[in-house]
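Here's the structure, in structure tokens; my notes come after.
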Amino acid sequence: MREASTAVVQREDYSAPAFFIRQVDLTFDLDPAKTIVASRLAIERNPAQPAGPLRLHGEGLNLLRVQADGQSVSFRHEAGELVIDNPPAAAAFTLEIRNTCCPEKNTELSGLYTSGGGFFTQCEAEGFRRITFFLDRPDVMAVYTVTLRGDKARFPVLLSNGNLVEQGDLDHGRHYAKWHDPFPKPSYLFALVAARLVCREQRIRSRGGRDHLLQIHVRPGDLQKTEHAMNSLVAAVAWDEARFGLALDLDRFMVVAVEDYNGGAMENKGLNLFNTKLLLASPASATDDDFAAIESVVGHEYFHNWTGNRITCRDWFQLSLKEGLTVFRDQEFSMDMAGDFSARGVKRIADVQRLRSLQFPEDAGPMAHPVRPDRYLEINNFYTTTVYEKGAEVVRMMHTLVGRDGFRAGMDLYFARHDGQAVTCDDFAQAIADANPGSVLARQLEAFKRWYGQAGTPRVTASGTFDAEARRYTLTLAQSCPPSPAQPEKLPFVIPVDLRLIAADGTKLTPLRTLVLDSAEQSWVFDDIAQAPVPSLLRGFSAPVRLDDGLTSAQRLVLLAHDCDPFNRFEAGQRLVLDALLAALRDGGAPRLDEAVAAALRRTLRDPGLAPAFKKLVLLPPAEAYIAEQLTVVDPQRIHAVREHWRALLAASLHEDWLWAWEQHQVAEGYSPAPDQAGRRALAGLALDMLCLHAVRQGDATWPGRAYQRFKDAGNLTERMDAIGALVRAQSPLAEPALERLHALAQGDALMLDRWFALQASAPEPVAELHGEAPGRVFARAKALLKHPDFSLKNPNRTRSLLTSLCGGNPAAFHRADAAGYVLWAERLIELDAINAHVAGRFARVMDRWASLAEPYRHAAREAIARVAARTDLSNDVREVVTRALENA
Ligand code: B3K
Ligand code: ZN
């Protein structure tokens, strides 16, 4: 039975809590089958609300006893709440609760659960109520003291937030540890860990001279995979102090890895928990991308210590207050760590690609919501790329509008005003604006904040005219935004558009400028322009919009050859390729690789002045999902066929260049995940892909043979995965023995097994005209893998590695004319929902864009969603996603 309320929560309905909890004293008697939680709460009535019952959240708990000020008190249960109608009348009183919960049966992995024989918690957003009865909302902040008791042999390490104040042995082989966290915090930041773990330690001294102990706790055997995470943590601590003046406020800062984990990681005060996937890395076990992701997520969770923990959210509608800001901070951290200009550019391009391939579809689909949502049925459905990545772009635009120093002044003011409080997105924007009086942001604050309130991706259209005689260039920008669910009309956004005019030979005709588009249409006049300019618009992707730049291919070729802004240079190349792919989709038949485009791509590939990582981004054709987003009617099979054709063309036309690229970008020195080495590997990996593809089509076994050899001998996982990936993507017969070998290699290594599943589920389906084989092989194989003994729906990483890779990451395998993909989706979704609603809610979203599908896919997809929606036993998570999918199409 699901106990949670099924009412929609509205932002407008916020009211302050009727009671505050100032202190919490928790004692856990840890037992996997029945853990006893004793809670002692120091409660104060909110003087603004002198009457009324005390309502505490609680879910899936077994209540043993409640006492107020030492006296028993009557209570009742009501829709996920414990209601005490007559609490003590005094302004302050103590409530004591005893309850039990069952961690080993907690497959939701929210609240207190077991993984690999240990205890772990996940409380954000509303998991604490699955541990004990509480005012489980972020604006109730308390000081916690936590005592953990458990079997010493099975759970030798006992951790909770803050400082260890006491520990010792108890009878019957048990022991205890008592922790005290001096900082008041909301319940979602509570954590405990009790397990058999080992730890890497490092002592550091801050700039301010304070000493700290950093610890990373992992299972025995994983210790040698923690060096990179520790380096990243040390760097993050130093960076936040240097860039934002924010120092670590705790003597001890702990990080713990856990294998069964719903998300990526969690910023619990002083005790961050991480999915093993985002913490453990060695050259042999993690790819360059994994190393980069670990650095960024370790940074992200650490940065939450100030942006999220010291200042938290008033209510969950304000989630982007901490998430958008902290993503912005982790992006800046990674860029500063990447070092040189071009590596920074590569990071920015990757962030924009992520935004455009995940957030733009979300913003155009049935789950579209503002960065600060207005309503939810299940808050876990709103840990979205809109709240995170678009939220970060909103912060980035403020940064652009007030400048780097102005932004720092704004952050300082934000902390001066709100440290220790639970606040709103408005409070944040106000602080940045108030610290920069006279800025565009301050003058336009109300209009700027539409970025928080209005959903949808604005479209900006640019057109320019050049008057050679008057030496005058006029640029006109217009904006519009399509309707979103519950938002038929939008007001104009305040859009910073970074711009520079350049000449056909690459000469800069103007300095860099930030134009601010704040009405439906505006024009700017540039005088003294000697020759017809090429506008380089929205440089660095200065705003999260879709831009119709109105440029010709010739102008794009100029930007691809000369633009000094890495993002726009990349964008020019991508648009040239995208145009060719879209033309083929429009006109039918195979795409054409124009000689001028081929030459430009070749020049880019061979340009000694460009970083290899950047070249890879330009040469790799846009993802199928991104191509789909450019179309009003989407035929996934056609998109796949056209893109596969393009890859074959690119492999054939640039054959000599790929040979050159492969030879020139081998890494001989010892492994480092740093951008320079990783970039060379990335380009060599793409070259190998192209060489294998071409060879298989020519019936030549040399390159597949080399790839297989590389797969076997590689000294690091990046090269190993690139090699097997090249075999799989080229449909080489050697893919089979390589996959077998990878499976053998992965024994006992969960993360490696995940890769083995993911690689098969995301393999490209054969294209009839290219491979002489009808599609369906990849789908059939993935479906069979659901029955593999190594597969389980109970582990979120495993579920994602197979199901999300297939249904969300492999459009041509998933969208089938016989609807078998949709049937698989519906069946597995229902099964998963009974195990883990949060993971199911996320998986349900692979169908978001069903309404743009061509027939017969559209009809069949709708039917599958309707079949799920008709069930009466769904979680709020899945119910919200499927109903919105049907209502907002
Ligand atoms: N704040 C957590 C996310 C929690 C997800 C809950 N469903 C991780 C992060 O954003 O840093
Ligand atoms: Zn976060």
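For the structure tokens, the naming scheme is as follows: chains receive sequential letters (A, B, ...) according to their order of presentation, residues are indexed from 1 within each chain, and ligands are indexed from 1 in presentation order.
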Could you list, as a list in words, all protein and nucleic acid residues with an atom at most 7 Å from ligand 2, counting only C-alpha atoms and all ligand atoms?
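Checked against 7 Å with only C-alpha atoms and all ligand atoms; the hits are His300, Glu301, His304, Lys322, Glu323, Thr326 and Val327 of chain A.
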Near-ligand residues for ligand 1, threshold 10 Å, only C-alpha atoms and all ligand atoms, as a short mmCIF file (atom, residue, chain, number, x, y, z; two decimals) with N, CA, C and O atoms, in the first residue's frame:
```cif
data_model
loop_
_atom_site.label_atom_id
_atom_site.label_comp_id
_atom_site.auth_asym_id
_atom_site.auth_seq_id
_atom_site.Cartn_x
_atom_site.Cartn_y
_atom_site.Cartn_z
N SER A 110 15.11 5.10 -0.43
CA SER A 110 14.83 6.44 0.11
C SER A 110 14.52 6.24 1.58
O SER A 110 13.74 5.36 1.93
N GLN A 122 19.17 8.06 2.33
CA GLN A 122 18.97 9.12 1.33
C GLN A 122 17.71 9.85 1.76
O GLN A 122 16.62 9.27 1.73
N CYS A 123 17.85 11.09 2.15
CA CYS A 123 16.68 11.81 2.70
C CYS A 123 16.12 12.89 1.79
O CYS A 123 14.95 13.25 1.92
N GLU A 124 16.92 13.46 0.89
CA GLU A 124 16.34 14.46 0.00
C GLU A 124 15.51 13.73 -1.07
O GLU A 124 15.99 12.76 -1.64
N ALA A 125 14.30 14.21 -1.36
CA ALA A 125 13.69 15.37 -0.74
C ALA A 125 12.90 14.97 0.52
O ALA A 125 12.95 15.66 1.54
N GLU A 126 12.17 13.88 0.48
CA GLU A 126 11.25 13.58 1.57
C GLU A 126 11.47 12.18 2.12
O GLU A 126 10.52 11.44 2.37
N GLY A 127 12.74 11.83 2.31
CA GLY A 127 13.08 10.48 2.78
C GLY A 127 13.17 10.39 4.30
O GLY A 127 13.06 9.30 4.87
N TYR A 188 16.36 16.98 5.33
CA TYR A 188 16.82 16.32 4.11
C TYR A 188 18.33 16.19 4.07
O TYR A 188 18.87 15.42 3.27
N LEU A 189 19.04 16.92 4.96
CA LEU A 189 20.51 16.84 4.98
C LEU A 189 21.03 15.87 6.03
O LEU A 189 22.24 15.74 6.22
N ASN A 262 19.96 5.83 -5.75
CA ASN A 262 19.01 6.32 -6.74
C ASN A 262 19.59 7.36 -7.68
O ASN A 262 19.27 7.39 -8.87
N GLY A 263 20.40 8.26 -7.16
CA GLY A 263 20.87 9.36 -8.00
C GLY A 263 22.38 9.32 -8.18
O GLY A 263 22.98 8.24 -8.27
N GLY A 264 22.98 10.49 -8.23
CA GLY A 264 24.43 10.58 -8.42
C GLY A 264 25.16 10.70 -7.10
O GLY A 264 26.09 9.94 -6.82
N ALA A 265 24.72 11.63 -6.27
CA ALA A 265 25.38 11.87 -4.99
C ALA A 265 24.51 12.79 -4.16
O ALA A 265 23.52 13.32 -4.66
N MET A 266 24.88 12.96 -2.88
CA MET A 266 24.04 13.76 -1.98
C MET A 266 24.89 14.53 -0.99
O MET A 266 25.81 13.97 -0.38
N GLU A 267 24.52 15.80 -0.82
CA GLU A 267 25.35 16.74 -0.07
C GLU A 267 25.09 16.78 1.43
O GLU A 267 25.33 17.82 2.06
N ASN A 268 24.63 15.71 2.06
CA ASN A 268 24.39 15.71 3.51
C ASN A 268 25.52 16.43 4.24
O ASN A 268 26.68 16.21 3.95
N ASN A 272 28.86 13.48 2.76
CA ASN A 272 28.33 13.31 1.40
C ASN A 272 28.28 11.83 1.04
O ASN A 272 29.22 11.09 1.30
N LEU A 273 27.16 11.42 0.43
CA LEU A 273 27.06 10.05 -0.07
C LEU A 273 27.13 10.04 -1.59
O LEU A 273 26.53 10.91 -2.23
N PHE A 274 27.84 9.08 -2.13
CA PHE A 274 28.04 9.02 -3.57
C PHE A 274 27.69 7.66 -4.13
O PHE A 274 28.07 6.62 -3.56
N VAL A 297 31.26 16.22 -9.88
CA VAL A 297 30.24 15.90 -8.86
C VAL A 297 30.82 16.01 -7.45
O VAL A 297 30.14 16.49 -6.53
N VAL A 298 32.08 15.61 -7.27
CA VAL A 298 32.70 15.83 -5.95
C VAL A 298 32.68 17.33 -5.65
O VAL A 298 32.33 17.77 -4.54
N GLY A 299 33.01 18.14 -6.66
CA GLY A 299 32.94 19.59 -6.49
C GLY A 299 31.52 20.03 -6.17
O GLY A 299 31.27 20.73 -5.20
N HIS A 300 30.58 19.55 -6.97
CA HIS A 300 29.18 19.96 -6.81
C HIS A 300 28.69 19.72 -5.37
O HIS A 300 28.15 20.63 -4.73
N GLU A 301 28.89 18.50 -4.89
CA GLU A 301 28.38 18.20 -3.54
C GLU A 301 29.11 19.03 -2.49
O GLU A 301 28.50 19.51 -1.54
N TYR A 302 30.40 19.22 -2.69
CA TYR A 302 31.13 20.04 -1.72
C TYR A 302 30.62 21.49 -1.75
O TYR A 302 30.41 22.11 -0.69
N PHE A 303 30.38 22.02 -2.93
CA PHE A 303 29.93 23.42 -3.03
C PHE A 303 28.56 23.63 -2.39
O PHE A 303 28.24 24.72 -1.93
N HIS A 304 27.76 22.56 -2.36
CA HIS A 304 26.47 22.65 -1.67
C HIS A 304 26.65 23.00 -0.19
O HIS A 304 25.72 23.48 0.45
N GLY A 308 23.19 25.68 -0.41
CA GLY A 308 22.28 24.57 -0.21
C GLY A 308 22.19 24.24 1.27
O GLY A 308 21.10 24.10 1.81
N LEU A 319 13.90 24.75 -5.41
CA LEU A 319 15.02 23.82 -5.54
C LEU A 319 16.19 24.39 -6.36
O LEU A 319 17.36 24.18 -6.06
N SER A 320 15.86 25.16 -7.40
CA SER A 320 16.93 25.69 -8.25
C SER A 320 17.79 26.71 -7.51
O SER A 320 18.92 26.98 -7.93
N LYS A 322 19.34 26.23 -4.86
CA LYS A 322 20.58 25.54 -4.54
C LYS A 322 21.13 24.77 -5.73
O LYS A 322 22.34 24.71 -5.91
N GLU A 323 20.26 24.19 -6.56
CA GLU A 323 20.77 23.33 -7.62
C GLU A 323 21.30 24.12 -8.82
O GLU A 323 22.38 23.84 -9.33
N GLY A 324 20.54 25.09 -9.29
CA GLY A 324 21.02 25.90 -10.42
C GLY A 324 22.32 26.59 -10.06
O GLY A 324 23.29 26.58 -10.82
N THR A 326 24.47 25.76 -7.71
CA THR A 326 25.58 24.84 -7.47
C THR A 326 26.06 24.20 -8.77
O THR A 326 27.26 23.95 -8.93
N VAL A 327 25.18 23.98 -9.72
CA VAL A 327 25.65 23.51 -11.04
C VAL A 327 26.51 24.60 -11.69
O VAL A 327 27.58 24.32 -12.23
N ILE A 379 7.62 15.58 -5.71
CA ILE A 379 8.76 16.49 -5.88
C ILE A 379 9.94 15.79 -6.55
O ILE A 379 10.71 16.41 -7.29
N ASN A 380 10.06 14.49 -6.36
CA ASN A 380 11.21 13.81 -6.99
C ASN A 380 11.17 13.90 -8.50
O ASN A 380 12.20 13.73 -9.15
N ASN A 381 10.00 14.15 -9.08
CA ASN A 381 9.94 14.32 -10.53
C ASN A 381 10.51 15.66 -10.97
O ASN A 381 10.59 15.93 -12.16
N PHE A 382 10.87 16.53 -10.02
CA PHE A 382 11.33 17.87 -10.40
C PHE A 382 12.81 18.09 -10.13
O PHE A 382 13.28 19.22 -10.12
N TYR A 383 13.53 17.00 -9.94
CA TYR A 383 15.00 17.07 -9.94
C TYR A 383 15.41 16.94 -11.40
O TYR A 383 15.91 15.90 -11.83
N THR A 384 15.11 17.98 -12.14
CA THR A 384 15.17 17.90 -13.60
C THR A 384 16.32 18.71 -14.16
O THR A 384 16.92 19.54 -13.48
N VAL A 387 15.51 22.42 -13.71
CA VAL A 387 15.87 23.00 -12.42
C VAL A 387 17.40 23.09 -12.28
O VAL A 387 17.93 24.09 -11.80
N TYR A 388 18.10 22.07 -12.75
CA TYR A 388 19.56 22.03 -12.60
C TYR A 388 20.25 22.85 -13.70
O TYR A 388 20.86 23.88 -13.45
N HIS A 838 11.00 6.24 -7.43
CA HIS A 838 11.76 7.39 -7.94
C HIS A 838 12.47 7.03 -9.24
O HIS A 838 12.50 7.81 -10.20
N VAL A 839 13.08 5.84 -9.25
CA VAL A 839 13.78 5.42 -10.47
C VAL A 839 12.78 5.17 -11.59
O VAL A 839 13.01 5.51 -12.75
N ARG A 842 11.60 8.37 -13.24
CA ARG A 842 12.61 8.87 -14.17
C ARG A 842 12.58 8.07 -15.48
O ARG A 842 12.62 8.62 -16.57
#
```
All residues 9 Å or closer to Asp635 (chain A), only C-alpha atoms, same chain fewer than 6 positions away omitted, as a list in words
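Contacts, in chain order: Ala628, His815, Ser852, Leu853, Ala854, Glu855 and Tyr857 of chain A.
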Residue subset to file, keeping N, CA and C atoms, as a PDB file, in the first residue's frame:
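Below is the file out.pdb, written as the result:
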```pdb
ATOM      1  N   ALA A 628      16.334  15.039 -33.807  1.00  0.00           N
ATOM      2  CA  ALA A 628      14.878  14.913 -33.661  1.00  0.00           C
ATOM      3  C   ALA A 628      14.257  16.213 -33.162  1.00  0.00           C
ATOM      4  N   HIS A 815      12.089   2.605 -30.927  1.00  0.00           N
ATOM      5  CA  HIS A 815      10.858   2.961 -31.658  1.00  0.00           C
ATOM      6  C   HIS A 815      10.692   2.025 -32.844  1.00  0.00           C
ATOM      7  N   SER A 852       5.389  13.969 -30.839  1.00  0.00           N
ATOM      8  CA  SER A 852       5.993  14.408 -32.112  1.00  0.00           C
ATOM      9  C   SER A 852       6.360  13.248 -33.015  1.00  0.00           C
ATOM     10  N   LEU A 853       6.130  12.020 -32.562  1.00  0.00           N
ATOM     11  CA  LEU A 853       6.519  10.884 -33.406  1.00  0.00           C
ATOM     12  C   LEU A 853       5.635  10.783 -34.654  1.00  0.00           C
ATOM     13  N   ALA A 854       6.238  10.292 -35.723  1.00  0.00           N
ATOM     14  CA  ALA A 854       5.470   9.983 -36.932  1.00  0.00           C
ATOM     15  C   ALA A 854       4.644   8.717 -36.666  1.00  0.00           C
ATOM     16  N   GLU A 855       3.617   8.490 -37.483  1.00  0.00           N
ATOM     17  CA  GLU A 855       2.896   7.220 -37.398  1.00  0.00           C
ATOM     18  C   GLU A 855       3.737   6.142 -38.085  1.00  0.00           C
ATOM     19  N   TYR A 857       4.366   5.093 -35.013  1.00  0.00           N
ATOM     20  CA  TYR A 857       4.935   5.123 -33.654  1.00  0.00           C
ATOM     21  C   TYR A 857       4.037   5.887 -32.682  1.00  0.00           C
TER      22      TYR A 857
END
```
Give me, please, the distance in Å between CA of Ala844 (chain A) and CA of Gly809 (chain A), quoted to one decimal.
13.3 Å
So which bits of region 330-500 of chain A end up alpha helix (DSSP H) when you DSSP the backbone, as a ChimeraX atom specification?
/A:330-338,341-354,360-364,385,391-418,425-434,440-443,445-448,450-453
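Going from CA of Phe360 (chain A) to CA of Leu631 (chain A) covers 12.9 Å.
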Determine the nearest neighbour of Pro775 (chain A) from the options A:Ser519, A:Gln664, A:Gln731, A:Asn161, counting only C-alpha atoms.
A:Gln731
